[in-house]
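**Student:** What follows is a single structure, and I will ask about it in a moment.
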Amino acid sequence: MVNRVLVVDDDRAVRESLARALELEGYDVVAVADGVQALTRARRDSFSALVVDVMMPYVDGVGVCRVLRADGDRTPVLMLTARAGTPDRIAGLDAGADDYLPKPFEIPELLARLRALLRRGDLAPDGDEPVARAGDVLRIASLLVAPAARRVWWADEELRLSKTEFDLLELLVRNEGIVLDHAAVYRRIWGHGAGVDAKNLASYVGYLRRKLADAGAPDLIHTVRGVGYAVRRP
């Protein structure tokens, strides 16, 4: 599986050189220029790790990390900064960063630190639940969704989902308790150019419901007639 990395740095030269270096190492890279963009992408998409500069406009790297951790996002974060002082390192680590690399740095060292974070990111959830890859792990009751690994379990049984089924379930789970209308789901799953076909969407919801029921799950996906769908805790 290709690891996906979000690179966040307001220095275009640094951002582009990091993206190229990571892509040459086989990573799938998304690069953005400030903390606001970083939070938008991190909340919308799944990443194996984040490489985040501290000094950025709007929301700095420490703020990005603090907000993500408050959201329950445990994606590993490697923080970059030109400030090498101990108080600055402590501030980043206290905000939830997993590692810290002062600028200027050598690309091989950054790659080594990133590999170490991804190895540590292999995690086993509490109890007898299965092992998931690095990244945020979404839970509702006994449902566990590992976006970075694109795997889903109910209790100790793994569900076999198609790409579209997984994308749809992840979207609903990330918005637990919120009714997503048909148009919004189509934009997120099939793109802006997709037409709204409620019957096709209803088919995928039906597939998910059957697979969850076969694994022993109660009704999690609820239909709001004439509007859309929502996931709610049993």
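A note on labels: chains of the structure tokens are A, B, ... as shown, every chain counts residues from 1, and ligands are counted from 1 in their shown order.
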Return as a Markdown table the residues of range 5-88 of chain A lying at most 10 Å from range 143-162 of chain A, together with the closest atom-to-atom pair for each and the distance in Å to one decimal, counting only C-alpha atoms, with rows in chain order and ascending residue number.

**Tutor:**
```
| residue | atom | partner | partner_atom | distance |
| --- | --- | --- | --- | --- |
| A:Asp45 | CA | A:Pro147 | CA | 8.6 |
| A:Ser46 | CA | A:Ala148 | CA | 5.8 |
| A:Phe47 | CA | A:Ala148 | CA | 6.0 |
| A:Ser48 | CA | A:Ala148 | CA | 5.9 |
| A:Ala49 | CA | A:Ala148 | CA | 9.5 |
| A:Thr75 | CA | A:Ala148 | CA | 9.3 |
```

**Student:** Would you mind listing what lies within 8 Å of Thr81 in chain A as a PyMOL selection string, with only C-alpha atoms counted and same-chain residues fewer than 3 positions away left out?

**Tutor:** chain A and resi 53-55+84+100-103

**Student:** Please save all heavy atoms of the selected residues as a short mmCIF file (atom, residue, chain, number, x, y, z; two decimals), in the first residue's frame.

**Tutor:**
```cif
data_model
loop_
_atom_site.label_atom_id
_atom_site.label_comp_id
_atom_site.auth_asym_id
_atom_site.auth_seq_id
_atom_site.Cartn_x
_atom_site.Cartn_y
_atom_site.Cartn_z
N ASP A 53 5.41 22.46 8.77
CA ASP A 53 6.28 23.55 9.21
C ASP A 53 5.62 24.29 10.36
O ASP A 53 4.39 24.41 10.42
CB ASP A 53 6.53 24.50 8.03
CG ASP A 53 7.54 25.59 8.37
OD1 ASP A 53 8.50 25.29 9.10
OD2 ASP A 53 7.36 26.73 7.91
N VAL A 54 6.43 24.81 11.27
CA VAL A 54 5.88 25.53 12.42
C VAL A 54 5.45 26.94 12.01
O VAL A 54 4.32 27.36 12.26
CB VAL A 54 6.89 25.60 13.58
CG1 VAL A 54 6.41 26.58 14.65
CG2 VAL A 54 7.08 24.23 14.19
N MET A 55 6.34 27.70 11.39
CA MET A 55 6.07 29.10 11.10
C MET A 55 5.30 29.24 9.78
O MET A 55 5.87 29.12 8.69
CB MET A 55 7.40 29.87 11.02
CG MET A 55 8.16 29.88 12.33
SD MET A 55 7.23 30.73 13.64
CE MET A 55 7.26 32.40 13.03
N ALA A 84 15.27 26.31 16.59
CA ALA A 84 15.85 25.09 17.15
C ALA A 84 15.88 25.10 18.68
O ALA A 84 16.37 24.17 19.30
CB ALA A 84 17.27 24.89 16.62
N TYR A 100 10.34 16.00 15.73
CA TYR A 100 10.70 17.38 15.49
C TYR A 100 12.00 17.41 14.72
O TYR A 100 12.96 16.74 15.10
CB TYR A 100 10.89 18.06 16.85
CG TYR A 100 10.57 19.52 16.90
CD1 TYR A 100 9.35 19.97 17.38
CD2 TYR A 100 11.49 20.47 16.49
CE1 TYR A 100 9.05 21.31 17.46
CE2 TYR A 100 11.21 21.81 16.54
CZ TYR A 100 9.98 22.24 17.03
OH TYR A 100 9.69 23.57 17.09
N LEU A 101 12.07 18.18 13.63
CA LEU A 101 13.29 18.26 12.81
C LEU A 101 13.60 19.72 12.53
O LEU A 101 12.82 20.41 11.88
CB LEU A 101 13.09 17.49 11.50
CG LEU A 101 14.32 17.32 10.60
CD1 LEU A 101 15.43 16.57 11.33
CD2 LEU A 101 13.93 16.58 9.33
N PRO A 102 14.75 20.23 13.05
CA PRO A 102 15.09 21.64 12.81
C PRO A 102 15.60 21.87 11.40
O PRO A 102 16.24 21.01 10.80
CB PRO A 102 16.17 21.91 13.85
CG PRO A 102 16.78 20.59 14.14
CD PRO A 102 15.69 19.57 13.97
N LYS A 103 15.31 23.05 10.87
CA LYS A 103 15.85 23.48 9.58
C LYS A 103 17.19 24.18 9.81
O LYS A 103 17.36 24.85 10.83
CB LYS A 103 14.90 24.45 8.89
CG LYS A 103 13.56 23.87 8.49
CD LYS A 103 12.71 24.95 7.83
CE LYS A 103 11.38 24.42 7.33
NZ LYS A 103 10.56 25.49 6.71
#
```

**Student:** Of the candidates A:Val14, A:Val231, A:Leu220, A:Leu208, which one gets nearest to Asn175 in chain A if we count only C-alpha atoms?

**Tutor:** A:Val231

**Student:** Go through A:Ala21, A:Ala202, A:Leu50, A:Ala213 one by one, measure the shortest atom-to-atom distance of each to Glu109 in chain A using only C-alpha atoms, and give the residue with the smallest value.

**Tutor:**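 Answer, going by the shortest atom-to-atom distance: A:Ala21.
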
**Student:** Out of range 10-233 of chain A, which residues get strand (DSSP E) from DSSP, as a VMD selection string?

**Tutor:** chain A and resid 28 to 32 49 to 53 77 to 81 99 to 102 138 to 140 143 to 146 151 to 154 157 to 159 180 to 181 221 to 224 228 to 231

**Student:** Near Gly72 in chain A, counting only C-alpha atoms, which residues have an atom at most 10 Å away, once you skip same-chain residues fewer than 4 positions from it, shown as a CSV table (one decimal) with all heavy atoms, in the first residue's frame?

**Tutor:**
```
chain,number,residue,atom,x,y,z
A,67,VAL,N,-5.2,21.4,16.9
A,67,VAL,CA,-6.6,21.3,16.5
A,67,VAL,C,-6.8,19.8,16.1
A,67,VAL,O,-7.9,19.2,16.4
A,67,VAL,CB,-6.9,22.2,15.3
A,67,VAL,CG1,-8.2,21.9,14.7
A,67,VAL,CG2,-6.9,23.7,15.8
A,68,LEU,N,-5.9,19.2,15.3
A,68,LEU,CA,-6.1,17.8,14.9
A,68,LEU,C,-6.2,16.9,16.1
A,68,LEU,O,-7.1,16.0,16.1
A,68,LEU,CB,-5.0,17.4,14.0
A,68,LEU,CG,-4.9,18.0,12.6
A,68,LEU,CD1,-3.7,17.6,11.8
A,68,LEU,CD2,-6.2,17.8,11.8
A,136,ASP,N,-5.8,8.1,11.3
A,136,ASP,CA,-6.9,8.2,12.2
A,136,ASP,C,-7.7,6.9,12.1
A,136,ASP,O,-7.9,6.4,11.1
A,136,ASP,CB,-7.7,9.4,11.9
A,136,ASP,CG,-8.2,9.5,10.5
A,136,ASP,OD1,-7.6,8.9,9.6
A,136,ASP,OD2,-9.2,10.2,10.3
A,137,VAL,N,-8.2,6.5,13.2
A,137,VAL,CA,-9.1,5.3,13.3
A,137,VAL,C,-10.4,5.8,13.8
A,137,VAL,O,-10.5,6.4,14.8
A,137,VAL,CB,-8.5,4.2,14.3
A,137,VAL,CG1,-9.4,3.1,14.4
A,137,VAL,CG2,-7.1,3.8,13.8
A,138,LEU,N,-11.5,5.5,13.0
A,138,LEU,CA,-12.8,6.0,13.3
A,138,LEU,C,-13.6,4.8,14.0
A,138,LEU,O,-13.5,3.7,13.5
A,138,LEU,CB,-13.5,6.4,12.0
A,138,LEU,CG,-12.7,7.4,11.1
A,138,LEU,CD1,-13.5,7.6,9.8
A,138,LEU,CD2,-12.4,8.7,11.9
```

**Student:** Quick one: pull the distance between CA of Arg66 in chain A and CA of Arg119 in chain A, Å, one decimal.

**Tutor:**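 Separation of CA of Arg66 in chain A and CA of Arg119 in chain A: 22.5 Å.
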
**Student:** Give me the residues near Ile189 in chain A as a PyMOL selection string, where near means some atom within 8 Å (using only C-alpha atoms) and where sequence neighbours in that chain fewer than 6 positions away do not count.

**Tutor:** chain A and resi 164+167-168

**Student:** Using only C-alpha atoms, which residues sit within 12 Å of Ala33 in chain A once same-chain residues fewer than 3 positions away are excluded, as a ChimeraX atom specification?

**Tutor:** /A:6-16,30,36-41,51-61

**Student:** Near Ile107 in chain A, within 12 Å and counting only C-alpha atoms, which residues show up once chain neighbours fewer than 5 positions away are dropped, as a compact mmCIF listing (two decimals) with N, CA, C and O atoms, in the first residue's frame?

**Tutor:**
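As written to disk, around16.txt reads:
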```
# COMPACT_ATOMS: atom_id res chain seq x y z
N VAL A 14 10.78 25.02 -0.46
CA VAL A 14 10.87 23.90 0.48
C VAL A 14 9.75 22.90 0.22
O VAL A 14 9.96 21.69 0.18
N SER A 17 10.35 20.96 -3.06
CA SER A 17 11.48 20.02 -2.99
C SER A 17 11.15 18.83 -2.11
O SER A 17 11.51 17.68 -2.41
N LEU A 18 10.41 19.08 -1.02
CA LEU A 18 9.98 17.97 -0.16
C LEU A 18 9.03 17.04 -0.90
O LEU A 18 9.15 15.81 -0.82
N ALA A 19 8.10 17.63 -1.64
CA ALA A 19 7.14 16.81 -2.38
C ALA A 19 7.87 15.94 -3.41
O ALA A 19 7.57 14.74 -3.54
N ARG A 20 8.82 16.51 -4.12
CA ARG A 20 9.57 15.73 -5.12
C ARG A 20 10.35 14.61 -4.46
O ARG A 20 10.35 13.46 -4.95
N ALA A 21 11.02 14.91 -3.36
CA ALA A 21 11.83 13.90 -2.67
C ALA A 21 10.95 12.75 -2.18
O ALA A 21 11.32 11.57 -2.31
N LEU A 22 9.80 13.07 -1.62
CA LEU A 22 8.90 12.03 -1.11
C LEU A 22 8.30 11.21 -2.25
O LEU A 22 8.17 9.99 -2.15
N LEU A 24 9.71 10.59 -5.10
CA LEU A 24 10.76 9.71 -5.60
C LEU A 24 10.93 8.48 -4.71
O LEU A 24 11.37 7.43 -5.18
N GLU A 25 10.54 8.63 -3.43
CA GLU A 25 10.61 7.49 -2.50
C GLU A 25 9.34 6.64 -2.55
O GLU A 25 9.21 5.69 -1.78
N LEU A 101 12.07 18.18 13.63
CA LEU A 101 13.29 18.26 12.81
C LEU A 101 13.60 19.72 12.53
O LEU A 101 12.82 20.41 11.88
N PRO A 102 14.75 20.23 13.05
CA PRO A 102 15.09 21.64 12.81
C PRO A 102 15.60 21.87 11.40
O PRO A 102 16.24 21.01 10.80
N ALA A 112 14.26 9.18 6.93
CA ALA A 112 14.45 8.18 7.98
C ALA A 112 13.48 8.42 9.14
O ALA A 112 12.90 7.47 9.68
N ARG A 113 13.30 9.68 9.52
CA ARG A 113 12.37 9.99 10.61
C ARG A 113 10.93 9.66 10.21
O ARG A 113 10.14 9.18 11.03
N LEU A 114 10.60 9.92 8.95
CA LEU A 114 9.26 9.60 8.48
C LEU A 114 9.03 8.10 8.48
O LEU A 114 7.97 7.62 8.90
```
